[in-house]
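So the structure is just underneath, and the comments pick up after that.
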There are 2 protein chains.
Amino acid sequence: MTDQLSAVFGALADPTRRAILARLRAGDANVAELAAPFAMSQPAVSRHLKVLEAAGLITRSRRATARLSHLEANPLRDATAWLAGYREYWEESHDRLDELLARLQDTHPEEDEEPT
Amino acid sequence: MTDQLSAVFGALADPTRRAILARLRAGDANVAELAAPFAMSQPAVSRHLKVLEAAGLITRSRRATARLSHLEANPLRDATAWLAGYREYWEESHDRLDELLARLQDTHPEEDEEPT
DNA sequence: CCCTTCTAGAACGAAATGGTTATAGATGAC
DNA sequence: GTCATCTATAACCATTTCGTTCTAGAAGGG
């Protein structure tokens with residue numbers, strides 16, 4: 001987890017953290033609000049936020065005693081850019097092949113096989 | 001790492017595994033070929049391949065004693081689809097808003113304020 | 001000030017991760 | 001069958017990760 005991309009993908013590898021990001025699309029929120037949906041202690045959520053912050057996926061500010069988390073989606077753009085390098089490997093081939101196979105199945109239903 | 005998306009993002013969180021995927025764009029390869037670029041033992045690479053396979057990012061076949069790894073990019077499409085849910089948070093807003101603010105500052109430098 | 005509110009840190013434990021070396025297993029050649 | 005080749009597994013270790021509970025710290029309100 002040395003580079004930025006690894007940190008971003010690593011942050012996204014956790015369902016709780018993805019849910020937190022999803023929540024933040026609705027607007028900034030404090031730790032208590034972010035922790036509410038989860039059967040998890042507050043310190044656990046605080047550490048998830050620390051991971052997201054380290055990956056550059058959120059920034060934080062204070063409002064009174066609360067600390068607001070704010071979504072920073074730019075690293076997600078970087079991740080998307082990386083994934084774009086693989087577009088051709090699922091765009092051209094499978095979907096068209098699947099369509100082709102679907103049409104073949106319509107006419108010859110027996111030709112489908114499940115190779116273990 | 002219970003669900004599929006977590007497995008995919010988790011697999012992508014490692015630079016070695018991303019490099020392996022990059023290599024596989026050039027064509028199928030056996031373990032020895034995949035291990036060559038890295039200062040790492042063969043079993044270590046075998047386990048990285050196991051992680052990639054578990055995430056659905058590669059499939060494997062035999063050719064004589066060798067096992068060929070084949071890139072399966074479909075999970076990357078799923079990951080891209082997830083990331084697409086955040087597009088508006090970096091595409092529409094920042095760049096255009098920043099440009100707008102820059103132009104406003106040029107003509108009315110005082111109207112900019114930082115709330116809190 | 002003191003007290004309440006909200007969040008972070010410390011200390012701990014279980015499990016996962018990423019590497020090692022040594023060895024076993026599968027496959028094809030002879 | 002025997003041997004060579006290629007890869008996986010086993011056993012081990014260090015580190016990281018993810019959760020816990022308890023406590024400390026920061027910021028305002030009365």
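Convention: chains lettered A, B, ... in structure tokens order; per-chain residue numbering from 1; ligands numbered from 1 as shown.
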Might you pull out every residue within 12 Å of DG19 of chain D, with only C-alpha atoms (C1' of nucleotides) counted and same-chain residues fewer than 5 positions away left off, and present them as a tab-separated table (two decimals) with N, CA and C atoms (P, O5', C5', C4', C3', O3' and C1' of nucleotides), in the first residue's frame?
chain	number	residue	atom	x	y	z
A	39	ALA	N	-23.19	-1.72	12.85
A	39	ALA	CA	-23.08	-2.39	14.14
A	39	ALA	C	-21.61	-2.43	14.50
A	40	MET	N	-21.09	-1.29	14.87
A	40	MET	CA	-19.65	-1.13	15.01
A	40	MET	C	-19.40	0.06	15.94
A	41	SER	N	-18.34	0.01	16.70
A	41	SER	CA	-18.08	1.09	17.65
A	41	SER	C	-17.65	2.36	16.93
A	42	GLN	N	-17.73	3.46	17.63
A	42	GLN	CA	-17.32	4.74	17.05
A	42	GLN	C	-15.84	4.77	16.72
A	43	PRO	N	-14.96	4.28	17.59
A	43	PRO	CA	-13.54	4.30	17.20
A	43	PRO	C	-13.25	3.51	15.93
A	44	ALA	N	-13.99	2.44	15.72
A	44	ALA	CA	-13.79	1.67	14.48
A	44	ALA	C	-14.10	2.53	13.26
A	45	VAL	N	-15.19	3.28	13.33
A	45	VAL	CA	-15.54	4.15	12.21
A	45	VAL	C	-14.51	5.26	12.05
A	47	ARG	N	-11.45	5.07	12.56
A	47	ARG	CA	-10.28	4.56	11.85
A	47	ARG	C	-10.56	4.31	10.38
A	48	HIS	N	-11.77	3.93	10.06
A	48	HIS	CA	-12.13	3.83	8.64
A	48	HIS	C	-12.00	5.21	7.98
C	12	DC	P	-1.22	-3.52	26.65
C	12	DC	O5'	-2.14	-4.56	25.91
C	12	DC	C5'	-3.42	-4.84	26.47
C	12	DC	C4'	-4.32	-5.44	25.43
C	12	DC	C3'	-3.78	-6.67	24.72
C	12	DC	O3'	-4.31	-7.83	25.33
C	12	DC	C1'	-5.10	-5.24	23.31
C	13	DG	P	-3.79	-9.28	24.85
C	13	DG	O5'	-4.79	-9.71	23.69
C	13	DG	C5'	-6.20	-9.71	23.94
C	13	DG	C4'	-6.92	-10.17	22.69
C	13	DG	C3'	-6.26	-11.37	22.01
C	13	DG	O3'	-7.28	-12.27	21.58
C	13	DG	C1'	-6.44	-9.59	20.48
C	14	DA	P	-6.90	-13.72	21.03
C	14	DA	O5'	-7.62	-13.68	19.60
C	14	DA	C5'	-8.93	-13.12	19.50
C	14	DA	C4'	-9.32	-13.04	18.06
C	14	DA	C3'	-8.89	-14.24	17.21
C	14	DA	O3'	-9.90	-14.51	16.26
C	14	DA	C1'	-7.82	-12.29	16.40
C	15	DA	P	-9.79	-15.80	15.33
C	15	DA	O5'	-9.46	-15.17	13.91
C	15	DA	C5'	-10.25	-14.07	13.46
C	15	DA	C4'	-9.59	-13.43	12.27
C	15	DA	C3'	-9.10	-14.42	11.21
C	15	DA	O3'	-9.58	-13.95	9.97
C	15	DA	C1'	-7.38	-12.91	11.77
**Message:** Using only C-alpha atoms (C1' of nucleotides) and a cut-off of 10 Å, which residues of chain D sit close to chain A? Please list them as a list in words.
**Reply:**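 Listed by rising number, the hits are DC18, DG19, DT20, DT21, DA26, DA27 and DG28 of chain D.
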**Request:** Name the residues in contact with DC13 of chain D at a cut-off of 12 Å, using only C-alpha atoms (C1' of nucleotides), excluding same-chain residues fewer than 4 positions from it; report them as a PyMOL selection string.
**Result:** chain C and resi 18-21
Residue selection dump (N, CA, C and O atoms (P, O5', C5', C4', C3', O3' and C1' of nucleotides)) as a PDB file, in the first residue's frame:
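This is the output file again_3.pdb:
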ATOM      1  P    DG C  18      -1.671  -8.831   0.355  1.00  0.00           P
ATOM      2  O5'  DG C  18      -0.141  -9.173   0.567  1.00  0.00           O
ATOM      3  C5'  DG C  18       0.677  -8.293   1.318  1.00  0.00           C
ATOM      4  C4'  DG C  18       2.066  -8.873   1.425  1.00  0.00           C
ATOM      5  C3'  DG C  18       2.512  -9.630   0.170  1.00  0.00           C
ATOM      6  O3'  DG C  18       3.859  -9.307  -0.128  1.00  0.00           O
ATOM      7  C1'  DG C  18       2.670 -11.022   2.046  1.00  0.00           C
ATOM      8  P    DG C  19       4.473  -9.774  -1.526  1.00  0.00           P
ATOM      9  O5'  DG C  19       5.570 -10.861  -1.098  1.00  0.00           O
ATOM     10  C5'  DG C  19       6.798 -10.423  -0.613  1.00  0.00           C
ATOM     11  C4'  DG C  19       7.356 -11.341   0.456  1.00  0.00           C
ATOM     12  C3'  DG C  19       7.950 -12.671  -0.006  1.00  0.00           C
ATOM     13  O3'  DG C  19       9.220 -12.495  -0.605  1.00  0.00           O
ATOM     14  C1'  DG C  19       6.856 -12.870   2.094  1.00  0.00           C
ATOM     15  P    DT C  20       9.862 -13.728  -1.400  1.00  0.00           P
ATOM     16  O5'  DT C  20      10.390 -14.685  -0.226  1.00  0.00           O
ATOM     17  C5'  DT C  20      11.346 -14.205   0.719  1.00  0.00           C
ATOM     18  C4'  DT C  20      11.575 -15.248   1.797  1.00  0.00           C
ATOM     19  C3'  DT C  20      12.023 -16.612   1.278  1.00  0.00           C
ATOM     20  O3'  DT C  20      13.444 -16.667   1.226  1.00  0.00           O
ATOM     21  C1'  DT C  20      10.260 -16.855   2.891  1.00  0.00           C
ATOM     22  P    DT C  21      14.097 -17.739   0.270  1.00  0.00           P
ATOM     23  O5'  DT C  21      13.827 -19.109   1.040  1.00  0.00           O
ATOM     24  C5'  DT C  21      14.453 -19.344   2.308  1.00  0.00           C
ATOM     25  C4'  DT C  21      14.093 -20.718   2.822  1.00  0.00           C
ATOM     26  C3'  DT C  21      14.578 -21.875   1.934  1.00  0.00           C
ATOM     27  O3'  DT C  21      15.096 -22.921   2.748  1.00  0.00           O
ATOM     28  C1'  DT C  21      12.225 -21.994   2.177  1.00  0.00           C
TER      29       DT C  21
END
**Request:** Find, counting only C-alpha atoms, the residue in B:Leu49, B:Ser61, B:Gly10, B:Asp3 that gets nearest to chain A.
**Result:** B:Gly10
**Message:** Distance cut-off 8 Å, counting only C-alpha atoms (C1' of nucleotides) - which residues of chain C neighbour chain A? Return them as a list in words.
**Reply:**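 Taking only C-alpha atoms (C1' of nucleotides) into account, DT5, DC6, DT7 and DA8 of chain C sit within 8 Å of chain A.
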**Request:** Would you list the contacts of Ile58 of chain B as a VMD selection string, taking every protein, DNA or RNA residue within 12 Å and counting only C-alpha atoms (C1' of nucleotides), but skipping same-chain residues closer than 5 positions in sequence?
**Result:** chain B and resid 8 11 17 to 18 20 to 25 27 to 29 48 to 53 67 to 76
Could you make a table, as JSON lines, of the residues of chain A that have an atom within 8 Å of an atom of chain B, each with its nearest atom pair and distance in Å to one decimal, counting only C-alpha atoms, in chain and number order?
{"residue": "A:Met1", "atom": "CA", "partner": "B:Asp14", "partner_atom": "CA", "distance": 6.7}
{"residue": "A:Leu5", "atom": "CA", "partner": "B:Ala13", "partner_atom": "CA", "distance": 7.2}
{"residue": "A:Ser6", "atom": "CA", "partner": "B:Ala13", "partner_atom": "CA", "distance": 4.3}
{"residue": "A:Ala7", "atom": "CA", "partner": "B:Ala13", "partner_atom": "CA", "distance": 6.8}
{"residue": "A:Val8", "atom": "CA", "partner": "B:Ala13", "partner_atom": "CA", "distance": 7.5}
{"residue": "A:Phe9", "atom": "CA", "partner": "B:Ala13", "partner_atom": "CA", "distance": 4.8}
{"residue": "A:Gly10", "atom": "CA", "partner": "B:Ala13", "partner_atom": "CA", "distance": 4.8}
{"residue": "A:Leu12", "atom": "CA", "partner": "B:Phe9", "partner_atom": "CA", "distance": 6.1}
{"residue": "A:Ala13", "atom": "CA", "partner": "B:Ser6", "partner_atom": "CA", "distance": 4.3}
{"residue": "A:Asp14", "atom": "CA", "partner": "B:Ser6", "partner_atom": "CA", "distance": 5.9}
{"residue": "A:Pro15", "atom": "CA", "partner": "B:Ser6", "partner_atom": "CA", "distance": 6.7}
{"residue": "A:Glu72", "atom": "CA", "partner": "B:Tyr89", "partner_atom": "CA", "distance": 7.8}
{"residue": "A:Ala73", "atom": "CA", "partner": "B:Trp90", "partner_atom": "CA", "distance": 5.6}
{"residue": "A:Asn74", "atom": "CA", "partner": "B:Trp90", "partner_atom": "CA", "distance": 5.8}
{"residue": "A:Leu76", "atom": "CA", "partner": "B:Leu83", "partner_atom": "CA", "distance": 6.6}
{"residue": "A:Arg77", "atom": "CA", "partner": "B:Trp90", "partner_atom": "CA", "distance": 7.1}
{"residue": "A:Thr80", "atom": "CA", "partner": "B:Thr80", "partner_atom": "CA", "distance": 6.2}
{"residue": "A:Leu83", "atom": "CA", "partner": "B:Leu76", "partner_atom": "CA", "distance": 6.6}
{"residue": "A:Tyr86", "atom": "CA", "partner": "B:Ala73", "partner_atom": "CA", "distance": 6.7}
{"residue": "A:Arg87", "atom": "CA", "partner": "B:Arg77", "partner_atom": "CA", "distance": 7.4}
{"residue": "A:Tyr89", "atom": "CA", "partner": "B:Ala73", "partner_atom": "CA", "distance": 5.8}
{"residue": "A:Trp90", "atom": "CA", "partner": "B:Ala73", "partner_atom": "CA", "distance": 5.5}
Export of prior selection with N, CA and C atoms as a PDB file, in the first residue's frame:
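And here's selection_21.pdb as it stands now:
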ATOM      1  N   MET A   1       0.844  -1.213   0.000  1.00  0.00           N
ATOM      2  CA  MET A   1       0.000   0.000   0.000  1.00  0.00           C
ATOM      3  C   MET A   1       0.868   1.248   0.000  1.00  0.00           C
ATOM      4  N   LEU A   5      -2.532   4.847  -5.815  1.00  0.00           N
ATOM      5  CA  LEU A   5      -3.549   3.943  -6.365  1.00  0.00           C
ATOM      6  C   LEU A   5      -3.818   2.780  -5.421  1.00  0.00           C
ATOM      7  N   SER A   6      -2.777   2.212  -4.865  1.00  0.00           N
ATOM      8  CA  SER A   6      -2.955   1.105  -3.934  1.00  0.00           C
ATOM      9  C   SER A   6      -3.761   1.554  -2.724  1.00  0.00           C
ATOM     10  N   ALA A   7      -3.485   2.749  -2.254  1.00  0.00           N
ATOM     11  CA  ALA A   7      -4.228   3.259  -1.098  1.00  0.00           C
ATOM     12  C   ALA A   7      -5.700   3.430  -1.447  1.00  0.00           C
ATOM     13  N   VAL A   8      -5.983   3.920  -2.644  1.00  0.00           N
ATOM     14  CA  VAL A   8      -7.376   4.127  -3.048  1.00  0.00           C
ATOM     15  C   VAL A   8      -8.088   2.788  -3.193  1.00  0.00           C
ATOM     16  N   PHE A   9      -7.488   1.864  -3.935  1.00  0.00           N
ATOM     17  CA  PHE A   9      -8.122   0.558  -4.104  1.00  0.00           C
ATOM     18  C   PHE A   9      -8.247  -0.147  -2.753  1.00  0.00           C
ATOM     19  N   GLY A  10      -7.235  -0.020  -1.936  1.00  0.00           N
ATOM     20  CA  GLY A  10      -7.300  -0.627  -0.615  1.00  0.00           C
ATOM     21  C   GLY A  10      -8.435  -0.055   0.217  1.00  0.00           C
ATOM     22  N   LEU A  12     -11.173   1.168  -0.970  1.00  0.00           N
ATOM     23  CA  LEU A  12     -12.437   0.731  -1.566  1.00  0.00           C
ATOM     24  C   LEU A  12     -12.705  -0.750  -1.338  1.00  0.00           C
ATOM     25  N   ALA A  13     -11.718  -1.469  -0.856  1.00  0.00           N
ATOM     26  CA  ALA A  13     -11.868  -2.912  -0.659  1.00  0.00           C
ATOM     27  C   ALA A  13     -12.746  -3.250   0.540  1.00  0.00           C
ATOM     28  N   ASP A  14     -13.127  -2.261   1.300  1.00  0.00           N
ATOM     29  CA  ASP A  14     -13.944  -2.511   2.497  1.00  0.00           C
ATOM     30  C   ASP A  14     -15.377  -2.000   2.295  1.00  0.00           C
ATOM     31  N   PRO A  15     -16.369  -2.863   2.506  1.00  0.00           N
ATOM     32  CA  PRO A  15     -17.769  -2.473   2.289  1.00  0.00           C
ATOM     33  C   PRO A  15     -18.201  -1.310   3.180  1.00  0.00           C
ATOM     34  N   GLU A  72     -14.138  13.621  -1.320  1.00  0.00           N
ATOM     35  CA  GLU A  72     -13.212  14.114  -2.348  1.00  0.00           C
ATOM     36  C   GLU A  72     -13.080  13.034  -3.412  1.00  0.00           C
ATOM     37  N   ALA A  73     -13.738  13.234  -4.526  1.00  0.00           N
ATOM     38  CA  ALA A  73     -13.868  12.158  -5.499  1.00  0.00           C
ATOM     39  C   ALA A  73     -12.704  12.079  -6.484  1.00  0.00           C
ATOM     40  N   ASN A  74     -11.800  13.027  -6.426  1.00  0.00           N
ATOM     41  CA  ASN A  74     -10.712  13.012  -7.413  1.00  0.00           C
ATOM     42  C   ASN A  74      -9.936  11.701  -7.479  1.00  0.00           C
ATOM     43  N   LEU A  76     -10.987   8.869  -7.124  1.00  0.00           N
ATOM     44  CA  LEU A  76     -11.825   7.909  -7.842  1.00  0.00           C
ATOM     45  C   LEU A  76     -11.677   8.108  -9.349  1.00  0.00           C
ATOM     46  N   ARG A  77     -11.426   9.347  -9.744  1.00  0.00           N
ATOM     47  CA  ARG A  77     -11.171   9.607 -11.156  1.00  0.00           C
ATOM     48  C   ARG A  77      -9.880   8.920 -11.574  1.00  0.00           C
ATOM     49  N   THR A  80     -10.539   5.302 -11.908  1.00  0.00           N
ATOM     50  CA  THR A  80     -11.282   5.060 -13.145  1.00  0.00           C
ATOM     51  C   THR A  80     -10.351   5.126 -14.347  1.00  0.00           C
ATOM     52  N   LEU A  83      -8.533   1.893 -14.616  1.00  0.00           N
ATOM     53  CA  LEU A  83      -9.406   0.832 -15.124  1.00  0.00           C
ATOM     54  C   LEU A  83      -9.680   1.004 -16.610  1.00  0.00           C
ATOM     55  N   TYR A  86      -8.246  -1.061 -19.368  1.00  0.00           N
ATOM     56  CA  TYR A  86      -8.685  -2.435 -19.598  1.00  0.00           C
ATOM     57  C   TYR A  86     -10.039  -2.495 -20.302  1.00  0.00           C
ATOM     58  N   ARG A  87     -10.516  -1.329 -20.683  1.00  0.00           N
ATOM     59  CA  ARG A  87     -11.851  -1.265 -21.306  1.00  0.00           C
ATOM     60  C   ARG A  87     -11.971  -2.209 -22.476  1.00  0.00           C
ATOM     61  N   TYR A  89     -10.808  -4.857 -23.115  1.00  0.00           N
ATOM     62  CA  TYR A  89     -10.798  -6.279 -22.836  1.00  0.00           C
ATOM     63  C   TYR A  89     -12.141  -6.798 -22.363  1.00  0.00           C
ATOM     64  N   TRP A  90     -13.085  -5.898 -22.105  1.00  0.00           N
ATOM     65  CA  TRP A  90     -14.432  -6.388 -21.834  1.00  0.00           C
ATOM     66  C   TRP A  90     -15.455  -5.727 -22.745  1.00  0.00           C
TER      67      TRP A  90
END
**Request:** Grab the atom C1' of DG25 of chain D to atom CA of Leu34 of chain A distance for me, in Å with one decimal place.
**Result:** 20.9 Å
**Message:** Need to verify the contact set: DA10 of chain D, 12 Å, only C-alpha atoms (C1' of nucleotides), exclusion of same-chain residues closer than 2 positions in sequence. Can you return it as a PyMOL selection string?
**Reply:** (chain B and resi 43) or (chain C and resi 21-24) or (chain D and resi 8+12)
**Prompt:** Hey, what's within 12 Å of DG30 of chain D if we count only C-alpha atoms (C1' of nucleotides) and toss same-chain stuff fewer than 4 positions away? As number ranges by chain, please?
**Reply:** C: 1-4
**Request:** Enumerate, as number ranges by chain, the complete set of residues in segment 38-86 of chain A that a backbone-based DSSP assignment places in alpha helix (DSSP H).
**Result:** A: 42-54, 74-84
Write out, as a CSV table (one decimal), in the first residue's frame, the residues just selected, with N, CA and C atoms.
chain,number,residue,atom,x,y,z
A,42,GLN,N,-17.7,3.5,17.6
A,42,GLN,CA,-17.3,4.7,17.1
A,42,GLN,C,-15.8,4.8,16.7
A,43,PRO,N,-15.0,4.3,17.6
A,43,PRO,CA,-13.5,4.3,17.2
A,43,PRO,C,-13.2,3.5,15.9
A,44,ALA,N,-14.0,2.4,15.7
A,44,ALA,CA,-13.8,1.7,14.5
A,44,ALA,C,-14.1,2.5,13.3
A,45,VAL,N,-15.2,3.3,13.3
A,45,VAL,CA,-15.5,4.1,12.2
A,45,VAL,C,-14.5,5.3,12.1
A,46,SER,N,-14.0,5.8,13.2
A,46,SER,CA,-13.0,6.8,13.1
A,46,SER,C,-11.8,6.3,12.3
A,47,ARG,N,-11.5,5.1,12.6
A,47,ARG,CA,-10.3,4.6,11.8
A,47,ARG,C,-10.6,4.3,10.4
A,48,HIS,N,-11.8,3.9,10.1
A,48,HIS,CA,-12.1,3.8,8.6
A,48,HIS,C,-12.0,5.2,8.0
A,49,LEU,N,-12.4,6.2,8.7
A,49,LEU,CA,-12.3,7.6,8.1
A,49,LEU,C,-10.9,8.0,8.0
A,50,LYS,N,-10.0,7.5,8.9
A,50,LYS,CA,-8.6,7.8,8.7
A,50,LYS,C,-8.0,7.1,7.5
A,51,VAL,N,-8.5,5.9,7.2
A,51,VAL,CA,-8.0,5.3,6.0
A,51,VAL,C,-8.5,6.0,4.7
A,52,LEU,N,-9.7,6.4,4.8
A,52,LEU,CA,-10.3,7.2,3.6
A,52,LEU,C,-9.5,8.5,3.4
A,53,GLU,N,-9.2,9.1,4.6
A,53,GLU,CA,-8.5,10.4,4.5
A,53,GLU,C,-7.1,10.2,3.9
A,54,ALA,N,-6.4,9.1,4.4
A,54,ALA,CA,-5.1,8.8,3.9
A,54,ALA,C,-5.1,8.6,2.4
A,74,ASN,N,-11.8,13.0,-6.4
A,74,ASN,CA,-10.7,13.0,-7.4
A,74,ASN,C,-9.9,11.7,-7.5
A,75,PRO,N,-9.6,11.1,-6.4
A,75,PRO,CA,-8.9,9.8,-6.4
A,75,PRO,C,-9.7,8.8,-7.2
A,76,LEU,N,-11.0,8.9,-7.1
A,76,LEU,CA,-11.8,7.9,-7.8
A,76,LEU,C,-11.7,8.1,-9.3
A,77,ARG,N,-11.4,9.3,-9.7
A,77,ARG,CA,-11.2,9.6,-11.2
A,77,ARG,C,-9.9,8.9,-11.6
A,78,ASP,N,-8.9,9.0,-10.7
A,78,ASP,CA,-7.6,8.3,-11.0
A,78,ASP,C,-7.8,6.8,-11.1
A,79,ALA,N,-8.6,6.3,-10.2
A,79,ALA,CA,-8.8,4.8,-10.3
A,79,ALA,C,-9.6,4.5,-11.5
A,80,THR,N,-10.5,5.3,-11.9
A,80,THR,CA,-11.3,5.1,-13.1
A,80,THR,C,-10.4,5.1,-14.3
A,81,ALA,N,-9.4,6.1,-14.3
A,81,ALA,CA,-8.5,6.2,-15.4
A,81,ALA,C,-7.6,4.9,-15.5
A,82,TRP,N,-7.2,4.4,-14.4
A,82,TRP,CA,-6.5,3.1,-14.5
A,82,TRP,C,-7.3,2.0,-15.1
A,83,LEU,N,-8.5,1.9,-14.6
A,83,LEU,CA,-9.4,0.8,-15.1
A,83,LEU,C,-9.7,1.0,-16.6
A,84,ALA,N,-9.7,2.2,-17.1
A,84,ALA,CA,-10.0,2.5,-18.5
A,84,ALA,C,-8.9,1.8,-19.4
